[in-house]
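Beneath this line is the structure, given in structure tokens, with notes to follow.
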Amino acid sequence: MALRDYSLDDKIITSAFAEFSAKGYMGASLRKIAEKAGVTVGAIQTRYKSKDALFLSLLKPFLDDIEATFQDIRADYYADAGTDPMAQLKTSMQEESAAILHLIFSHYREAALLFYGSAGSSLEHYFDMIVNNKIEESISFFHSTGYTDVDEKLLGLLISSQFDSYRRIVTDCPDRETAEKYMSALMTYHFGGWVALFDSADKLQKKEDSYEI
């Protein structure tokens with residue numbers, strides 16, 4: 001059995017990033033990756049079972065950090081249970097946005113590839129999965145703070161909009177200083193919306209309660 005030439009691994013990875021970044025998963029070609037790396041397609045296939053496996057391997061460090069980060073966020077989500085819900089929400093949003101910014105700028109190339117180049121791959125709906133998990137956690141959060149009548153569909157729309165802001169930062173704010181400034185403004189905007197929404201819900205509930213008296 002021939003020994004694997006590990007000196008080719010970095011060339012394949014570099015070429016794969018260039019090909020996937022330029023053409024997205026659907027447009028990328030193993031043949032082109034092999035040509036750019038100066039290897040045969042067979043050399044790639046001995047290392048990766050498929051184009052999807054190669055694509056996944058490029059993003060794995062980023063995905064691992066995403067999972068670890070959101071586990072930490074999840075663990076802290078109810079840390080201040082019993083305090084003012086809006087103050088707790090504001091703190092959570094600030095910490096979450098800071099963690100997401102750190103993720104993006106620690107893996108900028110991978111973030112761009114996941115958000116804008118993964119169509120057709122097994123990771124195509126990965127970002128949607130994160131958003132859906134966040135929606136479920138947020139529903140649980142609001143229920144735990146007494147907002148049991150929250151409109152779950154509206155909540156999903158609001159969170160989807162909020163998370164789309166994070167995705168847009170990857171293309172619209174390539175430098176961290178600008179991204180931090182815009183993220184801060186976005187969090188102020190989104191938090192103001194949450195406050196207005198739940199103030200309105202409180203007023204409606206009080207009005208309904210007054211009719212029952």
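Ligands are numbered from 1 in the order shown, residues from 1 within each chain, and chains are lettered A, B, ... in the order they appear in the structure tokens.
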All residues 12 Å or closer to A:Val170, only C-alpha atoms, same chain fewer than 6 positions away omitted, as a ChimeraX atom specification: /A:100-116,163-164,176,178-180,182-183
Saved selection, atoms kept: N, CA, C and O atoms, as a compact mmCIF listing (two decimals), in the first residue's frame:
```
# COMPACT_ATOMS: atom_id res chain seq x y z
N ILE A 100 -20.98 36.27 18.47
CA ILE A 100 -21.13 36.01 17.03
C ILE A 100 -20.11 36.81 16.23
O ILE A 100 -19.53 36.30 15.26
N LEU A 101 -19.88 38.05 16.62
CA LEU A 101 -18.85 38.84 15.94
C LEU A 101 -17.49 38.17 16.06
O LEU A 101 -16.71 38.12 15.09
N HIS A 102 -17.19 37.67 17.26
CA HIS A 102 -15.92 36.98 17.46
C HIS A 102 -15.83 35.76 16.55
O HIS A 102 -14.77 35.51 15.94
N LEU A 103 -16.91 35.01 16.45
CA LEU A 103 -16.94 33.84 15.57
C LEU A 103 -16.66 34.24 14.12
O LEU A 103 -15.84 33.62 13.43
N ILE A 104 -17.35 35.27 13.66
CA ILE A 104 -17.23 35.70 12.27
C ILE A 104 -15.80 36.12 11.95
O ILE A 104 -15.23 35.72 10.93
N PHE A 105 -15.21 36.92 12.82
CA PHE A 105 -13.89 37.45 12.51
C PHE A 105 -12.76 36.50 12.89
O PHE A 105 -11.60 36.73 12.52
N SER A 106 -13.08 35.42 13.58
CA SER A 106 -12.10 34.36 13.79
C SER A 106 -12.10 33.39 12.61
O SER A 106 -11.13 32.67 12.40
N HIS A 107 -13.21 33.37 11.87
CA HIS A 107 -13.38 32.45 10.73
C HIS A 107 -14.04 33.18 9.57
O HIS A 107 -15.02 32.71 9.01
N TYR A 108 -13.50 34.33 9.20
CA TYR A 108 -14.20 35.17 8.22
C TYR A 108 -14.41 34.45 6.88
O TYR A 108 -15.52 34.47 6.32
N ARG A 109 -13.37 33.83 6.38
CA ARG A 109 -13.47 33.14 5.09
C ARG A 109 -14.48 32.00 5.15
O ARG A 109 -15.29 31.81 4.23
N GLU A 110 -14.46 31.26 6.25
CA GLU A 110 -15.39 30.15 6.42
C GLU A 110 -16.83 30.65 6.58
O GLU A 110 -17.77 30.03 6.07
N ALA A 111 -17.00 31.79 7.28
CA ALA A 111 -18.34 32.35 7.47
C ALA A 111 -18.95 32.74 6.13
O ALA A 111 -20.12 32.45 5.85
N ALA A 112 -18.16 33.40 5.30
CA ALA A 112 -18.65 33.79 3.98
C ALA A 112 -19.02 32.56 3.15
O ALA A 112 -20.04 32.56 2.45
N LEU A 113 -18.22 31.52 3.25
CA LEU A 113 -18.49 30.29 2.49
C LEU A 113 -19.76 29.60 2.99
O LEU A 113 -20.58 29.13 2.19
N LEU A 114 -19.95 29.55 4.30
CA LEU A 114 -21.15 28.92 4.86
C LEU A 114 -22.41 29.70 4.50
O LEU A 114 -23.41 29.12 4.08
N PHE A 115 -22.36 31.02 4.65
CA PHE A 115 -23.55 31.83 4.46
C PHE A 115 -23.92 32.00 2.99
O PHE A 115 -25.10 32.08 2.65
N TYR A 116 -22.90 32.07 2.12
CA TYR A 116 -23.18 32.43 0.73
C TYR A 116 -22.70 31.43 -0.31
O TYR A 116 -22.93 31.64 -1.50
N PHE A 163 -31.17 37.60 13.12
CA PHE A 163 -30.04 36.78 12.72
C PHE A 163 -29.59 37.06 11.29
O PHE A 163 -28.42 36.88 10.95
N ASP A 164 -30.51 37.51 10.45
CA ASP A 164 -30.10 37.89 9.10
C ASP A 164 -29.16 39.08 9.14
O ASP A 164 -28.30 39.24 8.27
N ARG A 176 -13.46 44.64 11.20
CA ARG A 176 -14.08 44.42 12.51
C ARG A 176 -14.57 45.71 13.16
O ARG A 176 -15.64 45.72 13.79
N THR A 178 -15.76 48.47 11.81
CA THR A 178 -17.04 48.86 11.22
C THR A 178 -18.14 47.89 11.65
O THR A 178 -19.26 48.31 11.97
N ALA A 179 -17.82 46.61 11.67
CA ALA A 179 -18.80 45.58 12.06
C ALA A 179 -19.28 45.81 13.49
O ALA A 179 -20.48 45.69 13.78
N GLU A 180 -18.37 46.14 14.40
CA GLU A 180 -18.74 46.37 15.80
C GLU A 180 -19.67 47.58 15.92
O GLU A 180 -20.65 47.55 16.68
N TYR A 182 -21.68 48.81 13.56
CA TYR A 182 -22.98 48.48 12.98
C TYR A 182 -23.74 47.47 13.85
O TYR A 182 -24.96 47.56 13.97
N MET A 183 -23.02 46.52 14.43
CA MET A 183 -23.67 45.54 15.29
C MET A 183 -24.30 46.22 16.50
O MET A 183 -25.42 45.89 16.91
```
Could you find all residues in stretch 71-138 of chain A that DSSP calls helix (DSSP H, G or I) from the backbone, and write them as a PyMOL selection string? chain A and resi 71-76+85-106+108-117+126-138
Name the closest residue to A:Tyr48 among the candidates A:Leu158, A:Met187, A:Ala22, A:Ala16; distances are taken between atoms, counting only C-alpha atoms.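 So, comparing all the options, the nearest one is A:Ala16.
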Using only C-alpha atoms, which of the listed residues (A:Leu155, A:Leu197, A:Ala53, A:Ala87) sits closest to A:Ser140?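 Between A:Leu155, A:Leu197, A:Ala53, A:Ala87, the residue approaching A:Ser140 most closely is A:Leu155.
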Proximity to A:Leu123 - best of A:Ile13, A:Ala98, A:Cys173, A:Ser57, only C-alpha atoms: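 Among the listed residues, A:Ser57 lies closest to A:Leu123.
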Students should find that atom CA of A:Glu136 and atom CA of A:Leu58 are spaced 28.9 Å
Closest of A:Ala119, A:Met129, A:Ile159, A:Ile12 to A:Ala34 - atom-to-atom distances counting only C-alpha atoms: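 For A:Ala34, the nearest of the given residues is A:Ile12.
Minimum distance to A:Asn133 across A:Glu19, A:Asp84, A:Asp52, A:Glu67 (counting only C-alpha atoms) occurs at A:Glu67.
Take atom CA of A:Ser122 and atom CA of A:Asp175: the distance between them is 29.0 Å.
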